[in-house]
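Source file my_file-v4.txt; content: compact mmCIF, C-alpha atoms.
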# COMPACT_ATOMS: atom_id res chain seq x y z
CA MET A 1 129.49 -60.30 9.50
CA GLU A 2 133.27 -60.25 9.72
CA PHE A 3 135.37 -62.29 12.17
CA ASP A 4 139.05 -61.72 12.87
CA ALA A 5 141.55 -64.54 12.45
CA GLY A 6 142.04 -64.97 16.21
CA TYR A 7 138.32 -65.51 16.77
CA LEU A 8 138.10 -68.11 14.00
CA ALA A 9 141.24 -69.83 15.32
CA GLU A 10 139.66 -70.03 18.78
CA TRP A 11 136.56 -71.72 17.36
CA ALA A 12 138.70 -74.09 15.30
CA ASN A 13 140.66 -74.94 18.45
CA LEU A 14 137.47 -75.70 20.39
CA LEU A 15 135.81 -77.82 17.70
CA LEU A 16 138.96 -79.75 16.80
CA ARG A 17 139.67 -80.43 20.49
CA TRP A 18 136.10 -81.69 20.97
CA LEU A 19 136.40 -83.95 17.92
CA HIS A 20 139.77 -85.19 19.18
CA ILE A 21 138.27 -86.12 22.56
CA ILE A 22 135.21 -87.81 21.00
CA THR A 23 137.20 -89.94 18.58
CA GLY A 24 139.92 -90.59 21.17
CA ILE A 25 137.35 -91.98 23.61
CA ALA A 26 135.99 -94.25 20.86
CA TRP A 27 139.48 -95.49 19.89
CA ILE A 28 140.78 -95.97 23.43
CA GLY A 29 137.54 -97.60 24.53
CA ALA A 30 137.68 -100.14 21.70
CA SER A 31 141.39 -100.80 22.34
CA PHE A 32 140.91 -101.32 26.07
CA TYR A 33 137.87 -103.54 25.49
CA PHE A 34 139.59 -105.89 23.05
CA ILE A 35 142.76 -106.17 25.16
CA ALA A 36 140.55 -107.00 28.17
CA LEU A 37 138.58 -109.51 26.08
CA ASP A 38 141.76 -111.12 24.77
CA ASN A 39 143.10 -111.57 28.29
CA SER A 40 139.91 -113.02 29.78
CA LEU A 41 139.00 -115.72 27.26
CA ASP A 42 138.21 -119.21 28.53
CA PRO A 43 139.03 -122.43 26.63
CA PRO A 44 136.21 -123.34 24.20
CA ALA A 45 133.61 -125.51 25.87
CA ASP A 46 133.10 -127.61 22.72
CA GLY A 47 136.83 -128.30 22.33
CA ASN A 48 136.97 -126.66 18.89
CA ARG A 49 140.67 -126.64 18.02
CA LEU A 50 140.21 -123.69 15.68
CA VAL A 51 139.09 -121.51 18.60
CA ARG A 52 141.64 -119.89 20.92
CA GLY A 53 139.05 -118.90 23.52
CA GLU A 54 135.53 -117.75 24.22
CA GLN A 55 133.66 -115.56 26.66
CA TRP A 56 130.12 -115.19 27.94
CA SER A 57 129.38 -111.71 29.28
CA ILE A 58 126.50 -109.49 30.26
CA HIS A 59 126.16 -105.78 29.65
CA GLY A 60 123.33 -103.31 29.18
CA GLY A 61 120.66 -105.88 29.97
CA GLY A 62 121.87 -108.37 27.35
CA VAL A 63 123.98 -111.54 27.26
CA TYR A 64 126.81 -111.83 24.72
CA TYR A 65 128.80 -114.81 23.43
CA LYS A 66 132.18 -114.16 21.81
CA ARG A 67 134.81 -116.43 20.32
CA LYS A 68 138.33 -115.75 19.08
CA TYR A 69 139.79 -117.98 16.38
CA ILE A 70 143.45 -118.98 16.33
CA ASN A 71 143.80 -118.09 12.67
CA ALA A 72 140.57 -118.50 10.69
CA PRO A 73 137.02 -119.78 11.27
CA GLU A 74 135.48 -122.63 9.31
CA ALA A 75 133.60 -120.08 7.18
CA LEU A 76 133.96 -116.33 7.00
CA PRO A 77 130.72 -114.36 7.46
CA GLU A 78 129.66 -111.93 4.78
CA LYS A 79 129.69 -108.99 7.17
CA LEU A 80 132.68 -108.12 9.36
CA HIS A 81 132.95 -105.18 11.78
CA TRP A 82 136.21 -103.27 11.36
CA PHE A 83 137.77 -100.90 13.89
CA LYS A 84 139.91 -98.29 12.18
CA TRP A 85 138.17 -94.94 11.70
CA GLU A 86 138.27 -94.18 15.42
CA ALA A 87 142.07 -94.28 15.23
CA TYR A 88 142.30 -92.33 11.97
CA TRP A 89 140.03 -89.51 13.11
CA THR A 90 141.77 -89.25 16.47
CA TRP A 91 145.07 -88.69 14.73
CA MET A 92 143.69 -86.35 12.06
CA SER A 93 141.98 -84.12 14.62
CA GLY A 94 145.03 -84.18 16.91
CA PHE A 95 147.43 -83.36 14.09
CA ALA A 96 145.15 -80.52 12.97
CA LEU A 97 145.27 -79.13 16.52
CA PHE A 98 149.06 -79.43 16.60
CA VAL A 99 149.32 -77.56 13.30
CA LEU A 100 146.86 -74.87 14.43
CA ILE A 101 148.54 -74.19 17.78
CA TYR A 102 152.16 -75.32 17.65
CA TRP A 103 152.93 -74.63 14.01
CA GLY A 104 150.51 -71.76 13.47
CA GLN A 105 151.81 -69.99 16.60
CA ALA A 106 155.26 -71.53 16.73
CA SER A 107 156.99 -68.40 18.07
CA THR A 108 154.62 -68.43 21.05
CA TYR A 109 154.17 -72.10 21.90
CA LEU A 110 156.85 -74.18 20.15
CA ILE A 111 159.92 -71.96 20.46
CA ASP A 112 161.51 -70.80 23.70
CA PRO A 113 164.55 -68.53 23.18
CA ALA A 114 165.78 -69.52 26.64
CA VAL A 115 166.05 -73.11 25.37
CA LEU A 116 167.07 -72.48 21.75
CA ASP A 117 166.23 -69.46 19.63
CA LEU A 118 165.15 -71.26 16.47
CA PRO A 119 163.71 -69.63 13.35
CA VAL A 120 160.05 -70.54 12.96
CA TRP A 121 160.59 -72.48 9.74
CA LEU A 122 163.37 -74.57 11.29
CA ALA A 123 161.36 -75.33 14.44
CA ILE A 124 158.45 -76.56 12.30
CA LEU A 125 160.77 -78.62 10.08
CA LEU A 126 162.52 -80.26 13.05
CA SER A 127 159.25 -81.09 14.75
CA ALA A 128 157.89 -82.60 11.51
CA LEU A 129 161.04 -84.71 11.16
CA MET A 130 160.58 -85.98 14.71
CA LEU A 131 156.97 -86.96 13.99
CA VAL A 132 158.04 -88.98 10.95
CA GLY A 133 161.32 -90.20 12.45
CA GLY A 134 159.60 -91.54 15.55
CA TRP A 135 157.43 -93.88 13.49
CA VAL A 136 160.25 -94.93 11.14
CA GLY A 137 162.61 -95.69 14.04
CA TYR A 138 159.99 -97.62 15.99
CA ASP A 139 158.84 -99.60 12.94
CA LEU A 140 162.42 -100.55 12.07
CA LEU A 141 162.94 -101.74 15.65
CA CYS A 142 159.84 -103.93 15.46
CA ARG A 143 160.94 -105.44 12.16
CA SER A 144 164.52 -106.01 13.33
CA ARG A 145 165.82 -108.89 15.46
CA PHE A 146 164.72 -106.88 18.53
CA GLY A 147 161.12 -107.45 17.44
CA GLU A 148 161.54 -111.19 18.00
CA ASN A 149 162.15 -110.67 21.72
CA GLU A 150 159.64 -108.48 23.58
CA THR A 151 162.05 -107.79 26.46
CA LYS A 152 164.76 -106.52 24.12
CA LEU A 153 162.18 -104.60 22.10
CA LEU A 154 160.86 -102.96 25.28
CA ALA A 155 164.38 -101.90 26.28
CA ALA A 156 165.15 -100.53 22.80
CA GLY A 157 161.79 -98.72 22.63
CA ALA A 158 162.32 -97.16 26.07
CA ALA A 159 165.79 -95.99 25.03
CA MET A 160 164.31 -94.44 21.88
CA LEU A 161 161.73 -92.58 23.98
CA VAL A 162 164.43 -91.23 26.30
CA VAL A 163 166.53 -90.02 23.37
CA ALA A 164 163.53 -88.40 21.66
CA THR A 165 162.53 -86.69 24.91
CA LEU A 166 166.05 -85.34 25.47
CA ILE A 167 166.17 -84.01 21.91
CA ALA A 168 162.73 -82.39 22.11
CA THR A 169 163.31 -80.71 25.49
CA HIS A 170 166.63 -79.28 24.27
CA LEU A 171 165.19 -77.95 21.03
CA PHE A 172 161.74 -76.64 21.93
CA SER A 173 159.81 -74.99 24.74
CA GLY A 174 158.81 -77.33 27.56
CA ARG A 175 155.17 -77.15 26.52
CA GLY A 176 156.01 -77.70 22.87
CA ALA A 177 158.34 -80.61 23.68
CA PHE A 178 155.72 -82.44 25.74
CA LEU A 179 153.07 -82.03 23.04
CA LEU A 180 155.53 -83.06 20.34
CA ILE A 181 156.41 -86.29 22.16
CA GLY A 182 152.68 -86.89 22.61
CA ALA A 183 152.04 -86.26 18.91
CA MET A 184 154.97 -88.49 17.94
CA THR A 185 153.67 -91.32 20.13
CA GLY A 186 150.14 -90.85 18.79
CA THR A 187 151.53 -91.01 15.25
CA ILE A 188 153.23 -94.31 16.07
CA MET A 189 149.95 -95.66 17.44
CA VAL A 190 147.82 -94.71 14.44
CA ALA A 191 150.53 -95.83 12.00
CA ASN A 192 150.45 -99.22 13.73
CA VAL A 193 146.77 -99.39 12.81
CA ALA A 194 147.06 -97.99 9.28
CA MET A 195 150.37 -99.56 8.21
CA VAL A 196 150.44 -102.91 10.00
CA ILE A 197 147.20 -104.02 11.67
CA ILE A 198 144.63 -103.14 8.99
CA PRO A 199 146.76 -104.23 5.96
CA GLY A 200 147.48 -107.53 7.71
CA GLN A 201 143.81 -108.06 8.46
CA ARG A 202 142.92 -107.34 4.83
CA LYS A 203 145.37 -110.01 3.67
CA MET A 204 143.95 -112.49 6.16
CA VAL A 205 140.39 -111.80 5.03
CA ALA A 206 141.37 -112.06 1.34
CA ALA A 207 142.99 -115.44 1.97
CA MET A 208 139.93 -116.71 3.85
CA ARG A 209 137.56 -115.57 1.09
CA ALA A 210 139.76 -117.40 -1.42
CA GLY A 211 139.47 -120.57 0.65
CA GLU A 212 143.12 -120.42 1.73
CA THR A 213 144.66 -120.54 5.20
CA PRO A 214 145.86 -117.06 6.21
CA ASP A 215 149.52 -116.57 7.00
CA PRO A 216 149.66 -116.47 10.82
CA LYS A 217 152.41 -113.84 10.79
CA TYR A 218 149.84 -111.11 10.05
CA GLY A 219 147.87 -112.01 13.16
CA ALA A 220 151.07 -112.07 15.22
CA TRP A 221 152.18 -108.67 13.92
CA GLY A 222 148.75 -107.16 14.53
CA LYS A 223 148.65 -108.55 18.07
CA GLN A 224 152.12 -107.17 18.84
CA ARG A 225 151.32 -103.65 17.59
CA SER A 226 147.92 -103.66 19.32
CA VAL A 227 149.58 -104.51 22.65
CA HIS A 228 152.14 -101.74 22.14
CA ASN A 229 149.32 -99.27 21.49
CA THR A 230 147.53 -100.13 24.71
CA TYR A 231 150.65 -99.44 26.81
CA LEU A 232 151.24 -96.12 25.06
CA THR A 233 147.69 -94.91 25.69
CA LEU A 234 147.99 -93.62 29.27
CA PRO A 235 151.30 -91.79 28.68
CA VAL A 236 149.76 -90.11 25.62
CA LEU A 237 146.70 -89.09 27.62
CA PHE A 238 148.96 -87.40 30.15
CA LEU A 239 150.86 -85.58 27.41
CA MET A 240 147.52 -84.36 26.01
CA ILE A 241 146.71 -82.59 29.28
CA SER A 242 150.27 -81.49 30.11
CA PRO A 243 149.95 -77.92 28.67
CA HIS A 244 147.85 -77.05 31.74
CA TYR A 245 150.68 -77.83 34.18
CA PRO A 246 153.78 -75.64 33.77
CA LEU A 247 155.24 -76.91 37.05
CA ILE A 248 156.00 -80.10 35.08
CA TYR A 249 156.90 -78.99 31.56
CA GLN A 250 158.81 -75.86 32.67
CA HIS A 251 160.93 -77.74 35.21
CA HIS A 252 164.67 -77.92 34.46
CA LEU A 253 164.37 -81.73 34.65
CA ASN A 254 161.25 -81.83 32.49
CA TRP A 255 162.69 -84.66 30.37
CA LEU A 256 163.02 -86.86 33.46
CA LEU A 257 159.52 -86.00 34.66
CA LEU A 258 158.10 -86.94 31.26
CA ILE A 259 159.86 -90.34 31.36
CA LEU A 260 158.66 -91.02 34.91
CA LEU A 261 155.07 -90.15 34.01
CA ALA A 262 155.24 -92.40 30.94
CA LEU A 263 156.53 -95.20 33.17
CA ALA A 264 153.76 -94.61 35.71
CA GLY A 265 151.11 -94.79 32.97
CA ALA A 266 152.55 -98.00 31.52
CA LEU A 267 152.67 -99.65 34.96
CA VAL A 268 149.08 -98.74 35.73
CA ARG A 269 148.01 -100.10 32.33
CA GLN A 270 149.88 -103.34 32.99
CA PHE A 271 148.00 -103.77 36.26
CA PHE A 272 144.68 -103.69 34.42
CA VAL A 273 145.97 -106.03 31.70
CA LEU A 274 146.95 -108.59 34.33
CA ARG A 275 143.71 -108.12 36.25
CA HIS A 276 141.66 -108.94 33.17
CA SER A 277 143.61 -112.18 32.80
CA GLY A 278 142.79 -113.18 36.38
CA ARG A 279 146.10 -112.08 37.90
CA ARG A 280 146.80 -109.17 40.20
CA ASN A 281 150.14 -107.55 40.84
CA TRP A 282 149.93 -104.69 43.30
CA ALA A 283 153.62 -103.96 42.78
CA LEU A 284 152.69 -102.42 39.43
CA PRO A 285 150.34 -99.66 40.65
CA ALA A 286 152.70 -99.23 43.61
CA GLY A 287 155.51 -98.64 41.12
CA GLY A 288 153.33 -96.12 39.30
CA ALA A 289 152.54 -94.37 42.59
CA LEU A 290 156.25 -94.33 43.45
CA ALA A 291 157.04 -92.71 40.10
CA VAL A 292 154.38 -90.05 40.72
CA ALA A 293 155.70 -89.50 44.26
CA LEU A 294 159.20 -89.06 42.87
CA ILE A 295 157.86 -86.51 40.40
CA PHE A 296 156.16 -84.67 43.28
CA VAL A 297 159.46 -84.53 45.18
CA ILE A 298 161.48 -83.41 42.16
CA ALA A 299 158.97 -80.78 41.04
CA ALA A 300 158.09 -79.53 44.55
CA PRO A 301 158.44 -75.73 44.70
CA ARG A 302 161.65 -74.59 46.34
CA PRO A 303 162.81 -71.10 47.31
CA ASP A 304 164.38 -69.50 44.27
CA PRO A 305 167.47 -67.47 45.24
CA ARG A 306 166.79 -65.12 42.35
CA PHE A 307 163.62 -63.95 44.07
CA ALA A 308 164.91 -63.88 47.64
CA GLY A 309 165.17 -60.69 49.68
CA VAL A 310 163.12 -58.57 47.27
CA GLU A 311 160.91 -55.98 48.93
CA ALA A 312 157.25 -55.89 47.91
CA PRO A 313 156.65 -52.90 45.58
CA PRO A 314 153.54 -50.70 45.72
CA PHE A 315 150.55 -52.02 43.78
CA GLN A 316 150.85 -49.24 41.18
CA ASP A 317 154.23 -50.70 40.09
CA VAL A 318 152.78 -54.21 39.93
CA GLN A 319 149.82 -53.02 37.88
CA ALA A 320 152.18 -51.32 35.44
CA LEU A 321 154.18 -54.55 35.05
CA VAL A 322 151.01 -56.58 34.48
CA ALA A 323 149.80 -54.06 31.91
CA SER A 324 153.12 -54.27 30.05
CA HIS A 325 153.63 -58.03 30.13
CA CYS A 326 150.30 -59.75 30.71
CA ALA A 327 147.28 -57.66 29.77
CA GLN A 328 147.96 -57.76 26.04
CA CYS A 329 146.43 -61.27 26.10
CA HIS A 330 144.59 -61.28 29.42
CA ALA A 331 142.06 -58.58 28.60
CA ALA A 332 138.43 -58.24 27.61
CA ARG A 333 139.71 -57.29 24.15
CA PRO A 334 143.21 -58.77 23.70
CA THR A 335 145.61 -56.79 21.54
CA PHE A 336 148.11 -59.60 20.99
CA GLU A 337 147.97 -60.93 17.44
CA GLY A 338 146.22 -64.29 17.16
CA ILE A 339 144.51 -64.07 20.57
CA ALA A 340 140.77 -63.43 20.31
CA VAL A 341 139.72 -64.01 23.93
CA ALA A 342 141.62 -64.01 27.21
CA PRO A 343 143.31 -67.42 27.70
CA LYS A 344 141.33 -69.50 30.23
CA GLY A 345 139.09 -66.48 30.79
CA VAL A 346 141.76 -64.82 32.96
CA MET A 347 141.62 -61.03 32.67
CA LEU A 348 144.19 -58.80 34.38
CA GLU A 349 143.07 -55.26 33.66
CA THR A 350 141.59 -54.04 36.95
CA PRO A 351 142.98 -54.18 40.52
CA GLN A 352 140.24 -56.62 41.50
CA GLN A 353 141.08 -58.95 38.60
CA ILE A 354 144.80 -58.86 39.35
CA ARG A 355 144.20 -59.68 43.02
CA ARG A 356 141.76 -62.47 42.15
CA TRP A 357 144.28 -64.26 39.95
CA ALA A 358 147.37 -63.44 42.06
CA ALA A 359 148.05 -67.02 43.23
CA ALA A 360 147.74 -68.46 39.73
CA MET A 361 149.85 -65.60 38.36
CA ARG A 362 152.62 -66.42 40.82
CA GLN A 363 152.92 -69.97 39.53
CA GLN A 364 153.01 -68.83 35.91
CA VAL A 365 155.51 -66.01 36.54
CA GLN A 366 157.83 -68.01 38.79
CA SER A 367 157.94 -71.03 36.46
CA GLU A 368 158.53 -68.64 33.54
CA ALA A 369 155.65 -70.28 31.68
CA MET A 370 154.25 -66.79 31.15
CA PRO A 371 154.64 -64.75 29.12
CA PRO A 372 154.98 -67.70 26.70
CA GLY A 373 158.48 -67.83 25.32
CA ASN A 374 159.02 -64.59 27.30
CA LEU A 375 157.79 -62.70 24.26
CA THR A 376 157.52 -59.46 26.23
CA ASP A 377 161.05 -59.78 27.70
CA MET A 378 160.04 -59.82 31.36
CA THR A 379 163.22 -59.59 33.41
CA THR A 380 164.11 -61.63 36.49
CA GLU A 381 163.87 -58.43 38.58
CA GLN A 382 160.34 -57.77 37.33
CA ARG A 383 159.30 -61.34 38.09
CA ALA A 384 160.78 -61.00 41.57
CA GLN A 385 158.74 -57.84 42.18
CA ILE A 386 155.44 -59.51 41.24
CA ILE A 387 156.24 -62.56 43.37
CA ALA A 388 157.24 -60.40 46.37
CA TRP A 389 153.97 -58.43 46.08
CA ILE A 390 151.93 -61.64 46.02
CA ALA A 391 153.90 -63.12 48.96
CA ALA A 392 153.20 -59.96 50.97
CA GLY A 393 149.44 -60.47 50.64
CA ALA A 394 148.66 -59.09 47.17
CA ARG A 395 147.34 -55.80 48.53
CA VAL A 396 145.75 -53.40 46.08
CA GLU A 397 145.27 -50.36 48.35
Full structure transcribed into structure tokens:
Amino acid sequence: MEFDAGYLAEWANLLLRWLHIITGIAWIGASFYFIALDNSLDPPADGNRLVRGEQWSIHGGGVYYKRKYINAPEALPEKLHWFKWEAYWTWMSGFALFVLIYWGQASTYLIDPAVLDLPVWLAILLSALMLVGGWVGYDLLCRSRFGENETKLLAAGAAMLVVATLIATHLFSGRGAFLLIGAMTGTIMVANVAMVIIPGQRKMVAAMRAGETPDPKYGAWGKQRSVHNTYLTLPVLFLMISPHYPLIYQHHLNWLLLILLALAGALVRQFFVLRHSGRRNWALPAGGALAVALIFVIAAPRPDPRFAGVEAPPFQDVQALVASHCAQCHAARPTFEGIAVAPKGVMLETPQQIRRWAAAMRQQVQSEAMPPGNLTDMTTEQRAQIIAWIAAGARVE
């Protein structure tokens, strides 16, 4: 049995995405749990000065007793549970997806000629440099004098995110830029685990097994990077789902919307961090809600003068436009190279199908999210005709 490349790519997309979600849940769950545990420890009841805190908890019908040591316990147990593969597999599956979709189909998803008409090789090279450069820049910040002051480090990190977002949204398509910033942030998170947290823990364990006192700087570094990771989690989760929402990534202020959404996610995460430590600050989720409300106002659909005053054409003209610009992908048997099945199951071959998806088509056509990268050279006049037909009731008689 023979399968075409598009069909195999679709299966690879599905399986890699599933793996990414599975491992991401495991990583995020462990991260959230340990941050919550760290912030809800009580002073040790026995007064043990080696212990920072302890917790009694109940879950799943069982009672648990946990203790966190300031630096090292009196004796190290033979068996230790490590948490690392969840992070590694989340990044590997996510990077494989990025390569499959945004590098493998760069001319469709990464490049937008209306933003910058880059050669495929250059777009891939620049995006790779941003993935690496994001980690290098962040790591240097943490190791610099800024790393000694969390407030200054937060300000410098936020400035770096703004600069990276501005660069990405002025080099790549909106969809590609959002995913690239997400991939860059995810790379920072997993590199924190692989390059700082785990190596530091190995050195601490080696010192304890040798009967020596571990250097406390490794614990401090690991704690710092772990806290950073937990605040980056919710912004990254948004960026993972952003390809489904062109009203955000195709907006002319998409860079600002991305920053506001990242801020909203960080504020919501901070609320839960404080709650686990016995404090509540409703200003934080309120700030997140305000950021989302501001995004709603900025991205709210407004009348586009380019599409004003256009008379609705007969359906035959609309069907011809859809056949020329949409049905190459949105068909029972797509003819566009690399597409094996109609994206999202949307088919636009018959009058009934076109009418069924008219409202969704309007959003995609008006935001210029489709055709992706305007590969079929749909003109403003043609977009205006489709929108006018939909506004007039999407009649197919």
Could you build a table of the residues in stretch 234-353 of chain A lying no more than 12 Å from stretch 84-100 of chain A, giving for each the nearest pair of atoms and their separation in Å rounded to one decimal place, using all atoms listed in the file, ordered by chain and ascending residue number, as JSON lines?
{"residue": "A:Val236", "atom": "CA", "partner": "A:Gly94", "partner_atom": "CA", "distance": 11.5}
{"residue": "A:Leu237", "atom": "CA", "partner": "A:Gly94", "partner_atom": "CA", "distance": 11.9}
{"residue": "A:Met240", "atom": "CA", "partner": "A:Gly94", "partner_atom": "CA", "distance": 9.4}
{"residue": "A:Gly338", "atom": "CA", "partner": "A:Leu100", "partner_atom": "CA", "distance": 10.9}
Dig up all the protein and nucleic acid residues within 9 Å of (150.9, -88.9, 26.3) in the file frame, using only C-alpha atoms, and format them as a CSV table (one decimal) with C-alpha atoms, in the coordinates of the input.
chain,number,residue,atom,x,y,z
A,178,PHE,CA,155.7,-82.4,25.7
A,179,LEU,CA,153.1,-82.0,23.0
A,181,ILE,CA,156.4,-86.3,22.2
A,182,GLY,CA,152.7,-86.9,22.6
A,183,ALA,CA,152.0,-86.3,18.9
A,185,THR,CA,153.7,-91.3,20.1
A,186,GLY,CA,150.1,-90.8,18.8
A,232,LEU,CA,151.2,-96.1,25.1
A,233,THR,CA,147.7,-94.9,25.7
A,234,LEU,CA,148.0,-93.6,29.3
A,235,PRO,CA,151.3,-91.8,28.7
A,236,VAL,CA,149.8,-90.1,25.6
A,237,LEU,CA,146.7,-89.1,27.6
A,238,PHE,CA,149.0,-87.4,30.2
A,239,LEU,CA,150.9,-85.6,27.4
A,240,MET,CA,147.5,-84.4,26.0
A,241,ILE,CA,146.7,-82.6,29.3
A,242,SER,CA,150.3,-81.5,30.1
A,258,LEU,CA,158.1,-86.9,31.3
A,261,LEU,CA,155.1,-90.2,34.0
A,262,ALA,CA,155.2,-92.4,30.9
A,265,GLY,CA,151.1,-94.8,33.0
Using the file's own x, y and z axes, what box holds all listed atoms of stretch 150-169 of chain A with 5 Å on each side, keeping edges along x, y and z, and what are its centre and edge lengths in Å to one decimal, as AutoDock Vina command-line options?
--center_x 163.1 --center_y -94.6 --center_z 24.1 --size_x 16.9 --size_y 37.8 --size_z 14.8
Pick from A:Val318, A:Ala220, A:Ile198, A:Met378, whichever lies nearest to A:Glu397 using all atoms listed in the file
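Under the stated criterion, the closest residue is A:Val318.
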Which residue, A:Gly147, A:Met189, A:Met361, A:Arg209, has the smallest gap to A:Gly24 when you use only C-alpha atoms?
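Nearest candidate to A:Gly24 out of A:Gly147, A:Met189, A:Met361, A:Arg209: A:Met189.
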Neighbours of A:Asn229 within 12 Å (only C-alpha atoms; same-chain residues fewer than 6 positions away dropped), as a count of residues only?
24
